[in-house]
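The next block holds one structure in the form of structure tokens; read it before the comments.
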Amino acid sequence: MASTEARTVSASAKSNGLVDIKSLVLLAILLAAGFILNMTVGNALATVGIKPQFIIAAYALAIILTRANLVQSVIYAVVSACVIQITTSIPGLNFLTETVAAIVMCGLCSLDRKSGGFALTPLVATFLTTLVSGALFAVIGTVMMGAPIASAMVKVPLVLGTAVFNAAVVQALYIPLIKVLGK
């Protein structure tokens with residue numbers, strides 16, 4: 001005879017692996033939002049010369065919210081680079097640029113800077129992370145396309161604008177998300 005008892009399935013929030021389930025779910029939600037924002041708001045803003053990269057903001061926010069270590073940060077970068085492949089102008093390059101940028105973000109988050117009780121780390125770390133990612137993409141992309149390296153300087157305003165925009169987005173989302181996550 002078949003048993004009529006209800007079967008219970010449970011999953012713990014933590015795994016014994018490199019990244020816990022809650023962190024991966026948070027990253028997935030942030031990347032989905034970042035992708036949608038890239039395709040809508042990002043494309044609209046591109047017409048005025050600013051092309052925010054919400055995917056960078058998403059993994060930067062995930063790194064700081066989960067207090068990811070170096071290996072976890074690299075995993076976040078690789079997953080994020082996979083998502084970026086859908087829209088990138090130079091396929092594959094983001095695996096390098098986002099990995100280096102995520103390492104920068106991880107290192108800067110460990111500094112945990114505040115001013116007058118105000119957390120400055122999200123703002124500063126995201127600005128520098130986006131700057132590193134954008135600069136690497138601009139320089140390496142320029143070389144890969146066979147253009148003179150000096151022509152990468154044309155992209156400096158775009159990279160700076162994106163870094164400022166991403167820093168503001170992450171800073172604005174950090175405080176409410178910390179409260180929602182109970183951290």
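Letters for chains follow the order of the structure tokens (A, B, ...), residue numbers begin at 1 for each chain, and ligand numbers begin at 1 in the order shown.
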
List every residue of region 21-90 of chain A that has an atom at most 12 Å from any atom of region 168-171 of chain A, and for each one report the closest atom pair and its distance in Å to one decimal, counting only C-alpha atoms, with rows sorted by chain and then by increasing residue number, as CSV.
```
residue,atom,partner,partner_atom,distance
A:Leu30,CA,A:Val170,CA,11.0
A:Gly34,CA,A:Val169,CA,10.9
A:Leu37,CA,A:Val169,CA,11.6
A:Pro52,CA,A:Val169,CA,9.8
A:Gln53,CA,A:Val169,CA,10.6
A:Phe54,CA,A:Val169,CA,8.6
A:Ile55,CA,A:Val170,CA,11.1
A:Ile56,CA,A:Val170,CA,9.8
A:Ala57,CA,A:Val170,CA,6.1
A:Ala58,CA,A:Val170,CA,7.9
A:Tyr59,CA,A:Val170,CA,9.9
A:Ala60,CA,A:Val170,CA,7.6
A:Leu61,CA,A:Val170,CA,6.0
A:Ala62,CA,A:Val170,CA,9.8
A:Ile63,CA,A:Val170,CA,11.1
A:Ile64,CA,A:Val170,CA,9.6
A:Leu65,CA,A:Val170,CA,10.4
```

task = Run DSSP on the backbone of this structure and report the residues of region 9-170 of chain A it assigns to strand (DSSP E or B), as a PyMOL selection string.
result = chain A and resi 114-115+118-119

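Distances from A:Leu111, A:Leu70, A:Val143, A:Leu26 to Val180 (chain A) were compared using only C-alpha atoms, and the smallest one belongs to A:Leu26.
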
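Shortest atom-to-atom contact with Ala77 (chain A) among A:Val132, A:Glu98, A:Val41, A:Gly141: A:Glu98, counting only C-alpha atoms.
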
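One finds CA of Ala81 (chain A) at 22.9 Å from CA of Pro157 (chain A).
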
Contacts of Leu96 (chain A) within 10 Å, only C-alpha atoms, excl. fewer than 2 positions in-chain, as JSON, numbers by chain = {"A": [77, 78, 81, 92, 93, 94, 98, 99, 100, 101, 133, 136, 137, 140]}

Selection export as a CSV table (one decimal), in the first residue's frame, atoms kept: all heavy atoms:
```
chain,number,residue,atom,x,y,z
A,77,ALA,N,31.0,37.8,-10.3
A,77,ALA,CA,31.4,38.5,-11.5
A,77,ALA,C,31.2,37.6,-12.8
A,77,ALA,O,30.8,38.1,-13.8
A,77,ALA,CB,32.9,38.9,-11.4
A,78,VAL,N,31.6,36.3,-12.6
A,78,VAL,CA,31.4,35.4,-13.8
A,78,VAL,C,29.9,35.3,-14.1
A,78,VAL,O,29.6,35.3,-15.3
A,78,VAL,CB,32.1,34.1,-13.5
A,78,VAL,CG1,31.8,33.0,-14.5
A,78,VAL,CG2,33.6,34.2,-13.3
A,81,ALA,N,28.9,38.4,-15.8
A,81,ALA,CA,29.5,38.5,-17.2
A,81,ALA,C,28.7,37.6,-18.2
A,81,ALA,O,28.5,38.0,-19.3
A,81,ALA,CB,31.0,38.1,-17.2
A,92,GLY,N,32.8,38.1,-24.6
A,92,GLY,CA,33.9,37.5,-23.8
A,92,GLY,C,34.7,38.4,-23.0
A,92,GLY,O,35.3,38.0,-22.0
A,93,LEU,N,34.8,39.7,-23.4
A,93,LEU,CA,35.7,40.6,-22.7
A,93,LEU,C,35.2,40.9,-21.2
A,93,LEU,O,36.0,41.1,-20.3
A,93,LEU,CB,35.8,42.0,-23.5
A,93,LEU,CG,36.7,43.0,-22.8
A,93,LEU,CD1,38.1,42.5,-22.6
A,93,LEU,CD2,36.8,44.2,-23.8
A,94,ASN,N,33.9,40.9,-21.0
A,94,ASN,CA,33.4,41.1,-19.7
A,94,ASN,C,33.8,40.1,-18.7
A,94,ASN,O,33.8,40.4,-17.5
A,94,ASN,CB,31.9,41.3,-19.7
A,94,ASN,CG,31.5,42.4,-20.5
A,94,ASN,OD1,31.1,42.2,-21.7
A,94,ASN,ND2,31.5,43.6,-20.0
A,98,GLU,N,34.9,42.2,-15.6
A,98,GLU,CA,34.0,42.1,-14.4
A,98,GLU,C,34.7,41.4,-13.3
A,98,GLU,O,34.5,41.7,-12.1
A,98,GLU,CB,32.7,41.5,-14.7
A,98,GLU,CG,31.9,42.2,-15.8
A,98,GLU,CD,32.0,43.7,-15.8
A,98,GLU,OE1,32.0,44.4,-14.7
A,98,GLU,OE2,32.1,44.3,-16.9
A,99,THR,N,35.6,40.4,-13.6
A,99,THR,CA,36.3,39.7,-12.6
A,99,THR,C,37.3,40.6,-11.8
A,99,THR,O,37.3,40.6,-10.6
A,99,THR,CB,37.1,38.5,-13.2
A,99,THR,OG1,36.1,37.6,-13.7
A,99,THR,CG2,37.9,37.7,-12.1
A,100,VAL,N,38.0,41.4,-12.6
A,100,VAL,CA,39.0,42.4,-12.0
A,100,VAL,C,38.2,43.4,-11.1
A,100,VAL,O,38.5,43.7,-10.0
A,100,VAL,CB,39.8,43.1,-13.0
A,100,VAL,CG1,40.7,44.2,-12.4
A,100,VAL,CG2,40.7,42.1,-13.7
A,101,ALA,N,37.1,43.9,-11.7
A,101,ALA,CA,36.3,44.9,-11.0
A,101,ALA,C,35.7,44.3,-9.7
A,101,ALA,O,35.6,45.0,-8.7
A,101,ALA,CB,35.2,45.4,-11.9
A,133,SER,N,36.2,48.6,-14.3
A,133,SER,CA,35.5,47.8,-15.3
A,133,SER,C,35.5,48.6,-16.6
A,133,SER,O,35.8,48.0,-17.7
A,133,SER,CB,34.1,47.4,-14.9
A,133,SER,OG,33.4,46.7,-15.9
A,136,LEU,N,39.0,49.2,-18.2
A,136,LEU,CA,39.6,48.0,-18.8
A,136,LEU,C,38.8,47.7,-20.1
A,136,LEU,O,39.5,47.3,-21.1
A,136,LEU,CB,39.4,46.8,-17.8
A,136,LEU,CG,40.5,46.8,-16.7
A,136,LEU,CD1,40.1,45.6,-15.7
A,136,LEU,CD2,41.9,46.6,-17.3
A,137,PHE,N,37.5,47.8,-20.1
A,137,PHE,CA,36.7,47.5,-21.3
A,137,PHE,C,37.1,48.4,-22.4
A,137,PHE,O,37.3,48.0,-23.6
A,137,PHE,CB,35.2,47.5,-21.0
A,137,PHE,CG,34.4,47.0,-22.1
A,137,PHE,CD1,34.1,45.6,-22.1
A,137,PHE,CD2,33.9,47.7,-23.1
A,137,PHE,CE1,33.3,45.0,-23.1
A,137,PHE,CE2,33.1,47.2,-24.1
A,137,PHE,CZ,32.8,45.8,-24.1
A,140,ILE,N,41.1,47.7,-23.5
A,140,ILE,CA,41.3,46.3,-24.1
A,140,ILE,C,40.4,46.2,-25.3
A,140,ILE,O,40.8,45.7,-26.4
A,140,ILE,CB,41.0,45.2,-23.1
A,140,ILE,CG1,42.0,45.2,-22.0
A,140,ILE,CG2,41.0,43.9,-23.8
A,140,ILE,CD1,41.7,44.3,-20.8
```

ask   = as a PyMOL selection string, which residues of chain A does DSSP assign to helix (DSSP H, G or I)?
value = chain A and resi 21-46+54-66+70-84+93-109+121-144+149-181

key: Among the residues A:Ser23, A:Thr142, A:Thr87, A:Ser73, the one that comes closest to Gly107 (chain A) [using only C-alpha atoms]   =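 The answer is A:Ser73, which sits nearest to Gly107 (chain A).
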
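Considering only C-alpha atoms, the residue among A:Thr66, A:Thr121, A:Val156, A:Ile103 positioned nearest to Leu177 (chain A) is A:Thr66.
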
inquiry  = What's the separation between CA of Ile86 (chain A) and CA of Asn43 (chain A), in Å to one decimal place?
reply    = 14.0 Å

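Among the candidate residues A:Met145, A:Leu123, A:Ile75, A:Leu158, the one lying nearest to Val48 (chain A) is A:Leu158, with distances computed using only C-alpha atoms.
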
query = Between A:Ala167, A:Ala28, A:Cys82, A:Met144, which one has atoms that come closest to Met105 (chain A), using only C-alpha atoms?
reply =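 Ranked by minimum distance to Met105 (chain A), first place goes to A:Ala167.
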